[in-house]
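Below: input16.cif (mmCIF, N, CA and C atoms)
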```cif
data_model
loop_
_atom_site.group_PDB
_atom_site.id
_atom_site.type_symbol
_atom_site.label_atom_id
_atom_site.label_comp_id
_atom_site.auth_asym_id
_atom_site.auth_seq_id
_atom_site.Cartn_x
_atom_site.Cartn_y
_atom_site.Cartn_z
ATOM 1 N N MET A 1 46.758 39.539 -28.659
ATOM 2 C CA MET A 1 47.720 38.926 -29.535
ATOM 3 C C MET A 1 48.240 37.656 -28.879
ATOM 4 N N LEU A 2 48.295 36.594 -29.656
ATOM 5 C CA LEU A 2 48.800 35.313 -29.180
ATOM 6 C C LEU A 2 50.043 34.953 -29.977
ATOM 7 N N LYS A 3 51.181 34.814 -29.311
ATOM 8 C CA LYS A 3 52.439 34.500 -29.978
ATOM 9 C C LYS A 3 52.560 32.994 -30.149
ATOM 10 N N GLY A 4 53.041 32.576 -31.307
ATOM 11 C CA GLY A 4 53.212 31.151 -31.548
ATOM 12 C C GLY A 4 54.104 30.873 -32.735
ATOM 13 N N THR A 5 54.030 29.635 -33.208
ATOM 14 C CA THR A 5 54.834 29.170 -34.327
ATOM 15 C C THR A 5 53.924 28.613 -35.415
ATOM 16 N N VAL A 6 54.172 29.014 -36.644
ATOM 17 C CA VAL A 6 53.397 28.515 -37.779
ATOM 18 C C VAL A 6 53.722 27.031 -37.967
ATOM 19 N N THR A 7 52.677 26.196 -37.906
ATOM 20 C CA THR A 7 52.882 24.752 -38.047
ATOM 21 C C THR A 7 52.346 24.191 -39.359
ATOM 22 N N ASP A 8 51.472 24.946 -40.034
ATOM 23 C CA ASP A 8 50.915 24.458 -41.293
ATOM 24 C C ASP A 8 50.363 25.618 -42.098
ATOM 25 N N ILE A 9 50.545 25.563 -43.397
ATOM 26 C CA ILE A 9 49.943 26.523 -44.324
ATOM 27 C C ILE A 9 49.397 25.729 -45.495
ATOM 28 N N LYS A 10 48.109 25.877 -45.754
ATOM 29 C CA LYS A 10 47.484 25.220 -46.901
ATOM 30 C C LYS A 10 46.914 26.315 -47.795
ATOM 31 N N LYS A 11 47.503 26.461 -48.985
ATOM 32 C CA LYS A 11 47.084 27.508 -49.915
ATOM 33 C C LYS A 11 46.091 26.965 -50.930
ATOM 34 N N GLY A 12 45.047 27.742 -51.165
ATOM 35 C CA GLY A 12 44.117 27.483 -52.245
ATOM 36 C C GLY A 12 44.381 28.493 -53.345
ATOM 37 N N ALA A 13 43.415 28.673 -54.230
ATOM 38 C CA ALA A 13 43.571 29.621 -55.324
ATOM 39 C C ALA A 13 43.586 31.066 -54.821
ATOM 40 N N ILE A 14 42.754 31.365 -53.836
ATOM 41 C CA ILE A 14 42.628 32.731 -53.329
ATOM 42 C C ILE A 14 42.898 32.807 -51.826
ATOM 43 N N MET A 15 42.455 31.801 -51.070
ATOM 44 C CA MET A 15 42.577 31.823 -49.616
ATOM 45 C C MET A 15 43.587 30.785 -49.138
ATOM 46 N N ALA A 16 44.115 31.026 -47.929
ATOM 47 C CA ALA A 16 45.056 30.098 -47.307
ATOM 48 C C ALA A 16 44.659 29.878 -45.857
ATOM 49 N N LYS A 17 44.839 28.643 -45.380
ATOM 50 C CA LYS A 17 44.598 28.320 -43.976
ATOM 51 C C LYS A 17 45.959 28.259 -43.287
ATOM 52 N N VAL A 18 46.119 29.052 -42.230
ATOM 53 C CA VAL A 18 47.377 29.115 -41.492
ATOM 54 C C VAL A 18 47.118 28.638 -40.067
ATOM 55 N N VAL A 19 47.925 27.684 -39.613
ATOM 56 C CA VAL A 19 47.808 27.146 -38.254
ATOM 57 C C VAL A 19 49.006 27.632 -37.447
ATOM 58 N N ILE A 20 48.715 28.212 -36.264
ATOM 59 C CA ILE A 20 49.757 28.694 -35.363
ATOM 60 C C ILE A 20 49.618 27.966 -34.034
ATOM 61 N N ALA A 21 50.669 27.273 -33.618
ATOM 62 C CA ALA A 21 50.693 26.606 -32.313
ATOM 63 C C ALA A 21 51.048 27.658 -31.278
ATOM 64 N N ILE A 22 50.222 27.760 -30.217
ATOM 65 C CA ILE A 22 50.442 28.799 -29.210
ATOM 66 C C ILE A 22 50.855 28.222 -27.855
ATOM 67 N N GLY A 23 51.145 26.928 -27.821
ATOM 68 C CA GLY A 23 51.621 26.305 -26.587
ATOM 69 C C GLY A 23 50.575 25.454 -25.904
ATOM 70 N N SER A 24 51.035 24.568 -25.029
ATOM 71 C CA SER A 24 50.161 23.665 -24.265
ATOM 72 C C SER A 24 49.251 22.842 -25.171
ATOM 73 N N GLY A 25 49.701 22.551 -26.383
ATOM 74 C CA GLY A 25 48.898 21.763 -27.316
ATOM 75 C C GLY A 25 47.784 22.537 -27.986
ATOM 76 N N LEU A 26 47.723 23.839 -27.776
ATOM 77 C CA LEU A 26 46.671 24.670 -28.369
ATOM 78 C C LEU A 26 47.144 25.283 -29.674
ATOM 79 N N GLN A 27 46.181 25.501 -30.571
ATOM 80 C CA GLN A 27 46.511 26.148 -31.827
ATOM 81 C C GLN A 27 45.397 27.094 -32.244
ATOM 82 N N VAL A 28 45.787 28.080 -33.023
ATOM 83 C CA VAL A 28 44.843 29.035 -33.598
ATOM 84 C C VAL A 28 44.896 28.826 -35.105
ATOM 85 N N VAL A 29 43.726 28.783 -35.727
ATOM 86 C CA VAL A 29 43.647 28.599 -37.176
ATOM 87 C C VAL A 29 43.010 29.846 -37.770
ATOM 88 N N SER A 30 43.638 30.375 -38.809
ATOM 89 C CA SER A 30 43.118 31.572 -39.470
ATOM 90 C C SER A 30 43.044 31.329 -40.970
ATOM 91 N N VAL A 31 42.020 31.887 -41.584
ATOM 92 C CA VAL A 31 41.892 31.844 -43.034
ATOM 93 C C VAL A 31 42.126 33.264 -43.534
ATOM 94 N N VAL A 32 43.166 33.422 -44.350
ATOM 95 C CA VAL A 32 43.557 34.724 -44.885
ATOM 96 C C VAL A 32 43.786 34.581 -46.382
ATOM 97 N N THR A 33 43.986 35.692 -47.058
ATOM 98 C CA THR A 33 44.256 35.606 -48.491
ATOM 99 C C THR A 33 45.662 35.066 -48.728
ATOM 100 N N VAL A 34 45.835 34.407 -49.856
ATOM 101 C CA VAL A 34 47.163 33.930 -50.264
ATOM 102 C C VAL A 34 48.098 35.129 -50.386
ATOM 103 N N GLU A 35 47.581 36.235 -50.870
ATOM 104 C CA GLU A 35 48.375 37.469 -50.998
ATOM 105 C C GLU A 35 48.940 37.893 -49.640
ATOM 106 N N SER A 36 48.147 37.782 -48.579
ATOM 107 C CA SER A 36 48.622 38.141 -47.239
ATOM 108 C C SER A 36 49.749 37.223 -46.786
ATOM 109 N N VAL A 37 49.605 35.924 -47.028
ATOM 110 C CA VAL A 37 50.652 34.967 -46.672
ATOM 111 C C VAL A 37 51.945 35.320 -47.401
ATOM 112 N N GLU A 38 51.822 35.663 -48.676
ATOM 113 C CA GLU A 38 53.004 36.000 -49.462
ATOM 114 C C GLU A 38 53.620 37.323 -49.026
ATOM 115 N N GLU A 39 52.791 38.336 -48.715
ATOM 116 C CA GLU A 39 53.304 39.630 -48.258
ATOM 117 C C GLU A 39 54.034 39.498 -46.925
ATOM 118 N N LEU A 40 53.502 38.639 -46.030
ATOM 119 C CA LEU A 40 54.142 38.411 -44.729
ATOM 120 C C LEU A 40 55.320 37.446 -44.829
ATOM 121 N N LYS A 41 55.469 36.824 -46.004
ATOM 122 C CA LYS A 41 56.523 35.827 -46.226
ATOM 123 C C LYS A 41 56.454 34.720 -45.171
ATOM 124 N N LEU A 42 55.220 34.299 -44.854
ATOM 125 C CA LEU A 42 55.006 33.256 -43.847
ATOM 126 C C LEU A 42 55.432 31.904 -44.368
ATOM 127 N N LYS A 43 56.084 31.146 -43.505
ATOM 128 C CA LYS A 43 56.413 29.757 -43.825
ATOM 129 C C LYS A 43 56.382 28.949 -42.537
ATOM 130 N N VAL A 44 56.222 27.645 -42.675
ATOM 131 C CA VAL A 44 56.187 26.751 -41.515
ATOM 132 C C VAL A 44 57.488 26.936 -40.728
ATOM 133 N N GLY A 45 57.341 27.067 -39.414
ATOM 134 C CA GLY A 45 58.482 27.263 -38.525
ATOM 135 C C GLY A 45 58.681 28.709 -38.115
ATOM 136 N N ASP A 46 58.032 29.637 -38.816
ATOM 137 C CA ASP A 46 58.153 31.050 -38.473
ATOM 138 C C ASP A 46 57.451 31.366 -37.160
ATOM 139 N N GLU A 47 57.998 32.303 -36.402
ATOM 140 C CA GLU A 47 57.305 32.860 -35.245
ATOM 141 C C GLU A 47 56.292 33.864 -35.789
ATOM 142 N N ALA A 48 55.092 33.845 -35.242
ATOM 143 C CA ALA A 48 54.037 34.742 -35.710
ATOM 144 C C ALA A 48 53.083 35.057 -34.567
ATOM 145 N N TYR A 49 52.273 36.061 -34.769
ATOM 146 C CA TYR A 49 51.254 36.435 -33.799
ATOM 147 C C TYR A 49 49.879 36.263 -34.424
ATOM 148 N N ALA A 50 48.954 35.713 -33.663
ATOM 149 C CA ALA A 50 47.546 35.693 -34.048
ATOM 150 C C ALA A 50 46.917 36.892 -33.334
ATOM 151 N N VAL A 51 46.456 37.844 -34.102
ATOM 152 C CA VAL A 51 45.862 39.058 -33.536
ATOM 153 C C VAL A 51 44.352 38.908 -33.618
ATOM 154 N N ILE A 52 43.704 38.859 -32.452
ATOM 155 C CA ILE A 52 42.251 38.675 -32.383
ATOM 156 C C ILE A 52 41.599 40.052 -32.366
ATOM 157 N N LYS A 53 40.721 40.318 -33.339
ATOM 158 C CA LYS A 53 40.099 41.636 -33.396
ATOM 159 C C LYS A 53 38.575 41.591 -33.345
ATOM 160 N N SER A 54 38.021 40.447 -33.064
ATOM 161 C CA SER A 54 36.572 40.300 -32.994
ATOM 162 C C SER A 54 36.039 40.961 -31.739
ATOM 163 N N THR A 55 34.858 41.533 -31.837
ATOM 164 C CA THR A 55 34.249 42.175 -30.674
ATOM 165 C C THR A 55 33.257 41.263 -29.949
ATOM 166 N N GLU A 56 32.989 40.094 -30.517
ATOM 167 C CA GLU A 56 32.099 39.166 -29.853
ATOM 168 C C GLU A 56 32.463 37.718 -30.190
ATOM 169 N N VAL A 57 32.109 36.833 -29.295
ATOM 170 C CA VAL A 57 32.317 35.408 -29.508
ATOM 171 C C VAL A 57 30.964 34.733 -29.311
ATOM 172 N N LEU A 58 30.535 33.970 -30.309
ATOM 173 C CA LEU A 58 29.262 33.265 -30.227
ATOM 174 C C LEU A 58 29.526 31.816 -29.855
ATOM 175 N N LEU A 59 28.710 31.272 -29.009
ATOM 176 C CA LEU A 59 28.784 29.874 -28.615
ATOM 177 C C LEU A 59 27.487 29.177 -29.003
ATOM 178 N N ALA A 60 27.590 27.918 -29.340
ATOM 179 C CA ALA A 60 26.402 27.126 -29.664
ATOM 180 C C ALA A 60 26.584 25.726 -29.118
ATOM 181 N N LYS A 61 25.476 25.090 -28.848
ATOM 182 C CA LYS A 61 25.494 23.717 -28.346
ATOM 183 C C LYS A 61 24.575 22.875 -29.205
ATOM 184 N N PRO A 62 25.057 21.687 -29.621
ATOM 185 C CA PRO A 62 24.203 20.848 -30.477
ATOM 186 C C PRO A 62 22.971 20.351 -29.753
#
```
Write the structure described by the file as structure tokens, please.
Amino acid sequence: MLKGTVTDIKKGAIMAKVVIAIGSGLQVVSVVTVESVEELKLKVGDEAYAVIKSTEVLLAKP
């Protein structure tokens, strides 16, 4: 879990992009449903956690 502050929310018809600043100029970006944003009552300036649940990370090089 990475604690941070919501700095941007861009809502589409079904999905929303949420940006969380986690310090040192770093940010985590997540795409979630608009319904989730509304259920969490997320707004810019809120404290939030980015919970990472992936079991693998893929890397690629051009």
| query | Got a sec: who's within 9 Å of Ser30 (chain A), counting only C-alpha atoms, leaving out chain neighbours fewer than 5 positions off, as a list in words? | reply | Ala16, Lys17, Val18, Val19, Ile20 and Ala50 of chain A
For the residues in the current selection, export N, CA and C atoms as a CSV table (one decimal), keeping the file's coordinate frame.
```csv
chain,number,residue,atom,x,y,z
A,16,ALA,N,44.1,31.0,-47.9
A,16,ALA,CA,45.1,30.1,-47.3
A,16,ALA,C,44.7,29.9,-45.9
A,17,LYS,N,44.8,28.6,-45.4
A,17,LYS,CA,44.6,28.3,-44.0
A,17,LYS,C,46.0,28.3,-43.3
A,18,VAL,N,46.1,29.1,-42.2
A,18,VAL,CA,47.4,29.1,-41.5
A,18,VAL,C,47.1,28.6,-40.1
A,19,VAL,N,47.9,27.7,-39.6
A,19,VAL,CA,47.8,27.1,-38.3
A,19,VAL,C,49.0,27.6,-37.4
A,20,ILE,N,48.7,28.2,-36.3
A,20,ILE,CA,49.8,28.7,-35.4
A,20,ILE,C,49.6,28.0,-34.0
A,50,ALA,N,49.0,35.7,-33.7
A,50,ALA,CA,47.5,35.7,-34.0
A,50,ALA,C,46.9,36.9,-33.3
```
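What the PyMOL selection byres ((chain A and resi 6) around 6.5) picks from this file is Gly4, Thr5, Thr7, Asp8, Ile9, Val19, Ile20, Ala21, Lys43, Val44, Gly45, Asp46, Glu47 and Ala48 of chain A.
Here atom N of Lys3 (chain A) stands at a distance of 15.6 Å from atom N of Val31 (chain A).
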Original post:
In chain A, what's helix (DSSP H, G or I) per DSSP? Answer as a ChimeraX atom specification?
Top reply: /A:34-40
* Counting all atoms listed in the file, the residue of A:Val57, A:Met1, A:Leu40, A:Val34 that sits nearest Ile14 (chain A) ->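 Of A:Val57, A:Met1, A:Leu40, A:Val34, the one nearest Ile14 (chain A), counting all atoms listed in the file, is A:Val34.
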Around all the atoms of region 12-29 of chain A listed in the file, draw an axis-aligned box and extend it by 8 Å on each of the six sides; I want its centre and edge lengths in Å to one decimal, as JSON.
```
{"center_x": 47.0, "center_y": 27.3, "center_z": -39.8, "size_x": 25.2, "size_y": 27.0, "size_z": 47.1}
```
Could you check how far CA of Ser36 (chain A) sits from CA of Ile22 (chain A), in Å to one decimal?
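Spanning CA of Ser36 (chain A) to CA of Ile22 (chain A) is a straight-line distance of 20.4 Å.
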How would you write, as a PyMOL selection string, the set of residues in chain A that DSSP gives as strand (DSSP E)?
chain A and resi 2-11+15-23+26-33+47-50
Separating atom C of Ala60 (chain A) from CA of Thr33 (chain A), to the nearest tenth of an Å, is a gap of 28.0 Å
